[in-house]
Amino acid sequence: MSTRKPTLRCIFLFLLTLFLVLSFNFAVADDKDEDGLEELLAVDDEVEQEAEVGGVKLSEAEVLSKAQRIVLELNNENTERVVTGNEFVLVLGYAPWCPRSAELMPHFAEAATSLKELGTPLLMAKLDADRYPKSASFLGVKGFPTLLLFVNGTSQPYSGGFTADDIVIWARKKTGTPVIRISSVAEAEEFLKKYQTFLIGRFDKFEGPDYEEFVSAAKSDNETQFVEVSQVELAQFLYPDIKPTDHFLGIVKSEPERYTAYDGAFTLNKILQFIDYNKFPLVTKLTEMNSIRVYSSPIKLQVLVFANVDDFKNLLDPLQDIARNFKSKIMFLYVDINDENLAKPFLTLYGLEESKNTVVAAFDNGMSSKYLLESEPTRSNIEEFCNKLVQGSLSPYFKSQPIPDNTEASVHVIVGKTFDDEILSSKKDVVLEVFTPWCINCEATSKQVEKLAKHYKGSTNLIFARIDASANEHPKLQVDDYPTLLLYTANDKMDPIKLSTKSSLKELAASISKHLKVKNQVVKDEL
Ligand SMILES: *[C@@H]1O[C@H](CO)[C@@H](O)[C@H](O)[C@H]1NC(C)=O
Ligand SMILES: *[C@@H]1O[C@H](CO)[C@@H](O)[C@H](O)[C@H]1NC(C)=O
């Protein structure tokens, strides 16, 4: 455990989507801390050591160790034989140094135990892809962790969730048991103990085109358990006010909005769409585990509530009421404001990373716009915010530092809120330095701008200014490189001239004078 190789290959595949989403739209949170990793790996070691221990009362580590033994270890000798000689093999390709692998390992082992108890024909295997690169390349393991399902020797990528239950549901769907059939009250009771969310289908007979579409949907879906019943009385056990039509479909969840009936046609795509729009609870707690699912939802409007656990308790009821009115239109997410990894990247987008108070924000992932509730997060304010979000009448949020006092400043400090007044609608020429606190070359440019400001001190029509782009935004300020020097001439504020930050002071001055003279000339000529 002494060496820690770069995590790049390690996070590939598994959480790639999450990282893409986060780094595309939002600033990425820091890597997992190393302590967490050590802890996880330490648990693994312990598990290995205690493999021999058998007792009446199994500790968590012991249960885990039992599970680990159900997972077959692949190596250069047995890999090919195992995957080609079995109908179904689910392989986990991992690297011992990869934290994401370590996180997944216990879930995988737990799933193996459940699947074994269920008597599935699936073999669960793992390969240390770092130690056996030949086997890894034979299997097609390219990053860590990778999950692949081999069916008669041919692989398909894993596309389910990452908890043990998620793995069990997915594996059964793809290995011959896409639907669980319930034929007795005892089975129904047993089923309800295990599953909080499921899609129920009631059919007079388990045959016919509608039923076939239902089964196809069960196979094609990647995460929701499907269950089928025939007797109405039995079905009522799972879905109390089931309609006694000859077939019925509904989704069940563990929350106030427990039952939702389906009233569409029994076709594969329509059924899948119904699940997509209805599988999330009224308010979903965002976690690292479910973030990929959340972002792949067809519901593109999201309202996020950042709060500590106690504040959220008080908000939950009103939020659920509001969410009920916006079903299928807005996804309501709760983020624990103290969860640095999840909350901070979002809050940074609003300049609120230090906030301890409840923050209500929204995203339109279709438009990549962000919004902020700037009044108190009361029920009626949130409701109005949601109404406007759906109507498209909210103004997008641009972050801004407080308005500074520039009376004494030779270089004016511009913030998001003053960008319009001081740059765009000002009658003066403005040289604007766009910087961020972390950019390496910004300081040198800042010094040059200060010297230029001194040099042009007498010219009342020319202003020097700077804006910290990490803390301020404006729709008209689209800059990706820092530092950037922009010259906004008085008569063309829409088209700033980019000045080279590599130039010497003299060259910059020459360039500014030239542009301003030329422009002034044009103005004169036009007059
Ligand atoms: C795997 O191969 C066996 C033997 O050829 C065959 O009976 C079985 O249907 C195949 N399984 C799948 C899921 O295609
Ligand atoms: C399940 O996952 C596969 C592979 O990623 C994907 O092609 C398929 O569309 C998914 N099914 C549904 C219903 O989203």
# chains A, B, ... in the order shown; residues from 1 in each chain; ligands from 1
call {"tool": "residues_near_ligand", "arguments": {"ligand": "ligand 2", "cutoff": "6 Å", "atoms": "only C-alpha atoms and all ligand atoms", "output": "JSON, numbers by chain"}}
result
{"A": [159, 220, 221, 222, 272]}
call {"tool": "write_last_selection", "arguments": {"atoms": "all heavy atoms", "output": "PDB file, in the first residue's frame"}}
result
ATOM      1  N   SER A 159     -24.339  -2.227 -17.015  1.00  0.00           N
ATOM      2  CA  SER A 159     -25.019  -0.932 -17.107  1.00  0.00           C
ATOM      3  C   SER A 159     -25.995  -0.689 -15.954  1.00  0.00           C
ATOM      4  O   SER A 159     -26.936   0.083 -16.089  1.00  0.00           O
ATOM      5  CB  SER A 159     -25.751  -0.807 -18.448  1.00  0.00           C
ATOM      6  OG  SER A 159     -26.582  -1.939 -18.655  1.00  0.00           O
ATOM      7  N   SER A 220     -34.822  -4.972 -20.738  1.00  0.00           N
ATOM      8  CA  SER A 220     -34.107  -3.832 -21.292  1.00  0.00           C
ATOM      9  C   SER A 220     -33.777  -2.791 -20.208  1.00  0.00           C
ATOM     10  O   SER A 220     -32.714  -2.163 -20.255  1.00  0.00           O
ATOM     11  CB  SER A 220     -34.979  -3.246 -22.398  1.00  0.00           C
ATOM     12  OG  SER A 220     -34.548  -1.991 -22.713  1.00  0.00           O
ATOM     13  N   ASP A 221     -34.663  -2.637 -19.259  1.00  0.00           N
ATOM     14  CA  ASP A 221     -34.413  -1.721 -18.137  1.00  0.00           C
ATOM     15  C   ASP A 221     -33.182  -2.203 -17.358  1.00  0.00           C
ATOM     16  O   ASP A 221     -32.903  -3.394 -17.303  1.00  0.00           O
ATOM     17  CB  ASP A 221     -35.641  -1.697 -17.225  1.00  0.00           C
ATOM     18  CG  ASP A 221     -35.369  -0.950 -15.935  1.00  0.00           C
ATOM     19  OD1 ASP A 221     -35.482   0.276 -15.948  1.00  0.00           O
ATOM     20  OD2 ASP A 221     -35.013  -1.608 -14.927  1.00  0.00           O
ATOM     21  N   ASN A 222     -32.456  -1.277 -16.772  1.00  0.00           N
ATOM     22  CA  ASN A 222     -31.210  -1.641 -16.102  1.00  0.00           C
ATOM     23  C   ASN A 222     -31.233  -1.559 -14.579  1.00  0.00           C
ATOM     24  O   ASN A 222     -30.247  -1.862 -13.932  1.00  0.00           O
ATOM     25  CB  ASN A 222     -30.076  -0.737 -16.607  1.00  0.00           C
ATOM     26  CG  ASN A 222     -29.738  -1.029 -18.054  1.00  0.00           C
ATOM     27  OD1 ASN A 222     -29.562  -2.179 -18.443  1.00  0.00           O
ATOM     28  ND2 ASN A 222     -29.668   0.012 -18.866  1.00  0.00           N
ATOM     29  N   LEU A 272     -40.913   1.868 -20.609  1.00  0.00           N
ATOM     30  CA  LEU A 272     -39.607   2.361 -20.148  1.00  0.00           C
ATOM     31  C   LEU A 272     -39.667   3.857 -19.832  1.00  0.00           C
ATOM     32  O   LEU A 272     -39.085   4.324 -18.849  1.00  0.00           O
ATOM     33  CB  LEU A 272     -38.532   2.091 -21.198  1.00  0.00           C
ATOM     34  CG  LEU A 272     -38.152   0.628 -21.428  1.00  0.00           C
ATOM     35  CD1 LEU A 272     -37.132   0.498 -22.543  1.00  0.00           C
ATOM     36  CD2 LEU A 272     -37.614  -0.008 -20.140  1.00  0.00           C
TER      37      LEU A 272
END
call {"tool": "residues_near_ligand", "arguments": {"ligand": "ligand 1", "cutoff": "9 Å", "atoms": "only C-alpha atoms and all ligand atoms", "output": "list in words"}}
result
Asn86, Glu87, Phe88, Val151, Asn152, Gly153, Lys174, Thr175 and Gly176 of chain A
call {"tool": "atom_distance", "arguments": {"atom1": "atom CA of A:Glu288", "atom2": "atom CA of A:Leu115"}}
result
24.5 Å
call {"tool": "residues_around", "arguments": {"residues": "A:Ser297", "least_positions_apart": "4", "cutoff": "9 Å", "atoms": "only C-alpha atoms", "output": "list of chain:residue names"}}
result
A:Asp276, A:Tyr277, A:Ile292, A:Arg293, A:Met331
call {"tool": "write_last_selection", "arguments": {"atoms": "all heavy atoms", "output": "compact mmCIF listing (two decimals), in the first residue's frame"}}
result
# COMPACT_ATOMS: atom_id res chain seq x y z
N ASP A 276 -38.85 5.89 -16.38
CA ASP A 276 -37.90 7.00 -16.34
C ASP A 276 -38.48 8.23 -15.65
O ASP A 276 -37.79 8.93 -14.91
CB ASP A 276 -37.52 7.40 -17.77
CG ASP A 276 -36.16 6.85 -18.15
OD1 ASP A 276 -35.48 6.33 -17.26
OD2 ASP A 276 -35.80 6.94 -19.34
N TYR A 277 -39.74 8.50 -15.91
CA TYR A 277 -40.36 9.70 -15.34
C TYR A 277 -40.87 9.50 -13.92
O TYR A 277 -41.19 10.45 -13.23
CB TYR A 277 -41.50 10.19 -16.24
CG TYR A 277 -41.02 11.03 -17.39
CD1 TYR A 277 -40.79 10.47 -18.65
CD2 TYR A 277 -40.74 12.38 -17.21
CE1 TYR A 277 -40.33 11.24 -19.71
CE2 TYR A 277 -40.27 13.16 -18.25
CZ TYR A 277 -40.06 12.59 -19.51
OH TYR A 277 -39.59 13.36 -20.53
N ILE A 292 -25.21 9.50 -11.28
CA ILE A 292 -25.26 9.19 -12.71
C ILE A 292 -26.70 8.99 -13.15
O ILE A 292 -27.14 9.50 -14.18
CB ILE A 292 -24.42 7.94 -13.02
CG1 ILE A 292 -22.95 8.21 -12.71
CG2 ILE A 292 -24.56 7.54 -14.48
CD1 ILE A 292 -22.06 6.99 -12.87
N ARG A 293 -27.46 8.27 -12.31
CA ARG A 293 -28.86 8.03 -12.64
C ARG A 293 -29.62 9.35 -12.69
O ARG A 293 -30.44 9.57 -13.57
CB ARG A 293 -29.51 7.14 -11.58
CG ARG A 293 -29.03 5.72 -11.58
CD ARG A 293 -29.64 4.95 -10.42
NE ARG A 293 -31.10 4.99 -10.47
CZ ARG A 293 -31.90 5.08 -9.40
NH1 ARG A 293 -31.38 5.16 -8.21
NH2 ARG A 293 -33.20 5.10 -9.53
N MET A 331 -37.25 17.73 -11.23
CA MET A 331 -36.67 16.76 -10.31
C MET A 331 -36.21 17.52 -9.07
O MET A 331 -35.44 18.48 -9.19
CB MET A 331 -35.49 16.09 -11.00
CG MET A 331 -34.70 15.22 -10.11
SD MET A 331 -34.92 13.53 -10.55
CE MET A 331 -33.68 13.36 -11.76
call {"tool": "atom_distance", "arguments": {"atom1": "atom CA of A:Glu408", "atom2": "atom CA of A:Val431"}}
result
17.5 Å
call {"tool": "closest_residue", "arguments": {"among": "A:Tyr488, A:Tyr295, A:Trp97, A:Phe150", "to": "A:Ala129", "atoms": "only C-alpha atoms"}}
result
A:Trp97
call {"tool": "closest_residue", "arguments": {"among": "A:Val305, A:Ile167, A:Ala453, A:Leu192", "to": "A:Asp336", "atoms": "only C-alpha atoms"}}
result
A:Val305
call {"tool": "residues_around", "arguments": {"residues": "stretch 69-83 of chain A", "least_positions_apart": "4", "cutoff": "12 Å", "atoms": "only C-alpha atoms", "output": "PyMOL selection string"}}
result
chain A and resi 47-48+50-52+62-65+87-94+105-117+122-140+148-155
call {"tool": "residues_around", "arguments": {"residues": "stretch 348-356 of chain A", "least_positions_apart": "5", "cutoff": "9 Å", "atoms": "only C-alpha atoms", "output": "MDAnalysis selection string"}}
result
chainID A and resid 26:27 307:308 337:338 343 361 370:372 397:401 470:472
call {"tool": "write_last_selection", "arguments": {"atoms": "N, CA and C atoms", "output": "short mmCIF file (atom, residue, chain, number, x, y, z; two decimals), in the first residue's frame"}}
result
data_model
loop_
_atom_site.label_atom_id
_atom_site.label_comp_id
_atom_site.auth_asym_id
_atom_site.auth_seq_id
_atom_site.Cartn_x
_atom_site.Cartn_y
_atom_site.Cartn_z
N PHE A 26 -19.90 21.74 -13.94
CA PHE A 26 -19.57 22.27 -12.63
C PHE A 26 -18.10 22.00 -12.36
N ALA A 27 -17.53 22.78 -11.49
CA ALA A 27 -16.15 22.53 -11.11
C ALA A 27 -16.05 21.18 -10.41
N ALA A 307 -29.10 21.88 2.39
CA ALA A 307 -29.46 22.21 3.77
C ALA A 307 -28.80 21.22 4.70
N ASN A 308 -28.69 21.59 5.98
CA ASN A 308 -28.21 20.60 6.92
C ASN A 308 -29.39 19.70 7.30
N ILE A 337 -25.73 19.91 2.93
CA ILE A 337 -24.82 21.06 2.74
C ILE A 337 -23.46 20.81 3.37
N ASN A 338 -23.39 19.86 4.31
CA ASN A 338 -22.10 19.54 4.95
C ASN A 338 -21.31 18.48 4.20
N ALA A 343 -21.76 18.88 -2.17
CA ALA A 343 -22.37 20.22 -2.10
C ALA A 343 -21.45 21.30 -2.66
N ALA A 361 -31.55 26.19 -5.25
CA ALA A 361 -31.03 26.56 -6.55
C ALA A 361 -31.70 25.68 -7.61
N LYS A 370 -28.34 28.23 -14.86
CA LYS A 370 -28.52 28.03 -13.43
C LYS A 370 -29.30 29.19 -12.82
N TYR A 371 -30.01 28.87 -11.77
CA TYR A 371 -30.88 29.86 -11.12
C TYR A 371 -30.71 29.76 -9.62
N LEU A 372 -31.05 30.86 -8.93
CA LEU A 372 -30.94 30.86 -7.48
C LEU A 372 -32.17 31.52 -6.87
N TYR A 397 -28.91 32.97 -13.13
CA TYR A 397 -28.10 33.57 -12.09
C TYR A 397 -26.65 33.72 -12.54
N PHE A 398 -26.10 34.89 -12.30
CA PHE A 398 -24.68 35.11 -12.55
C PHE A 398 -24.06 35.54 -11.25
N LYS A 399 -22.98 34.89 -10.89
CA LYS A 399 -22.47 35.20 -9.55
C LYS A 399 -21.69 36.50 -9.53
N SER A 400 -21.66 37.10 -8.38
CA SER A 400 -21.03 38.40 -8.24
C SER A 400 -20.55 38.60 -6.81
N GLN A 401 -19.40 39.23 -6.69
CA GLN A 401 -18.95 39.67 -5.37
C GLN A 401 -19.74 40.92 -5.01
N SER A 470 -13.28 34.17 -11.30
CA SER A 470 -13.67 33.00 -10.51
C SER A 470 -14.85 33.32 -9.60
N ALA A 471 -15.06 34.60 -9.34
CA ALA A 471 -16.11 34.97 -8.39
C ALA A 471 -17.20 35.83 -9.04
N ASN A 472 -17.01 36.15 -10.32
CA ASN A 472 -17.97 37.03 -11.00
C ASN A 472 -18.27 36.52 -12.40
#
call {"tool": "closest_residue", "arguments": {"among": "A:Phe326, A:Lys514, A:Ser425, A:Asp420", "to": "A:Glu384", "atoms": "only C-alpha atoms"}}
result
A:Phe326
call {"tool": "closest_atom_pairs", "arguments": {"of": "stretch 183-227 of chain A", "to": "stretch 238-260 of chain A", "cutoff": "8 Å", "atoms": "only C-alpha atoms", "output": "JSON lines"}}
result
{"residue": "A:Ala188", "atom": "CA", "partner": "A:Leu238", "partner_atom": "CA", "distance": 7.0}
{"residue": "A:Leu192", "atom": "CA", "partner": "A:Leu238", "partner_atom": "CA", "distance": 7.6}
{"residue": "A:Gln196", "atom": "CA", "partner": "A:Ser254", "partner_atom": "CA", "distance": 5.3}
{"residue": "A:Thr197", "atom": "CA", "partner": "A:Lys253", "partner_atom": "CA", "distance": 4.4}
{"residue": "A:Phe198", "atom": "CA", "partner": "A:Val252", "partner_atom": "CA", "distance": 5.4}
{"residue": "A:Leu199", "atom": "CA", "partner": "A:Ile251", "partner_atom": "CA", "distance": 4.4}
{"residue": "A:Ile200", "atom": "CA", "partner": "A:Gly250", "partner_atom": "CA", "distance": 5.4}
{"residue": "A:Gly201", "atom": "CA", "partner": "A:Leu249", "partner_atom": "CA", "distance": 4.5}
{"residue": "A:Arg202", "atom": "CA", "partner": "A:Phe248", "partner_atom": "CA", "distance": 5.0}
{"residue": "A:Phe203", "atom": "CA", "partner": "A:His247", "partner_atom": "CA", "distance": 4.5}
{"residue": "A:Asp204", "atom": "CA", "partner": "A:Asp246", "partner_atom": "CA", "distance": 5.7}
call {"tool": "select_by_dssp", "arguments": {"residues": "stretch 361-459 of chain A", "states": "alpha helix (DSSP H)", "output": "PyMOL selection string"}}
result
chain A and resi 379-391+419+442-455
call {"tool": "residues_around", "arguments": {"residues": "stretch 263-271 of chain A", "least_positions_apart": "5", "cutoff": "7 Å", "atoms": "only C-alpha atoms", "output": "count of residues only"}}
result
5
call {"tool": "closest_residue", "arguments": {"among": "A:Glu233, A:Asp310, A:Glu212, A:Asp429", "to": "A:Asn461", "atoms": "only C-alpha atoms"}}
result
A:Asp429
call {"tool": "atom_distance", "arguments": {"atom1": "atom CA of A:Ser446", "atom2": "atom CA of A:Leu508"}}
result
12.9 Å
call {"tool": "closest_residue", "arguments": {"among": "A:Phe306, A:Trp438, A:Phe419, A:Phe144", "to": "A:Leu477", "atoms": "only C-alpha atoms"}}
result
A:Phe419
call {"tool": "residues_around", "arguments": {"residues": "stretch 403-405 of chain A", "least_positions_apart": "4", "cutoff": "7 Å", "atoms": "only C-alpha atoms", "output": "compact mmCIF listing (two decimals) with N, CA, C and O atoms, in the first residue's frame"}}
result
# COMPACT_ATOMS: atom_id res chain seq x y z
N VAL A 413 -12.23 47.97 -9.62
CA VAL A 413 -12.61 46.57 -9.45
C VAL A 413 -14.05 46.41 -9.94
O VAL A 413 -14.97 47.07 -9.47
N VAL A 415 -17.33 43.87 -10.64
CA VAL A 415 -17.91 42.61 -10.22
C VAL A 415 -19.08 42.30 -11.16
O VAL A 415 -19.45 43.14 -11.99
N LYS A 417 -22.20 42.30 -10.79
CA LYS A 417 -23.32 43.25 -10.72
C LYS A 417 -23.01 44.61 -11.33
O LYS A 417 -23.92 45.36 -11.63
N THR A 418 -21.71 44.97 -11.45
CA THR A 418 -21.39 46.30 -11.97
C THR A 418 -20.87 46.25 -13.41
O THR A 418 -20.54 47.28 -13.98
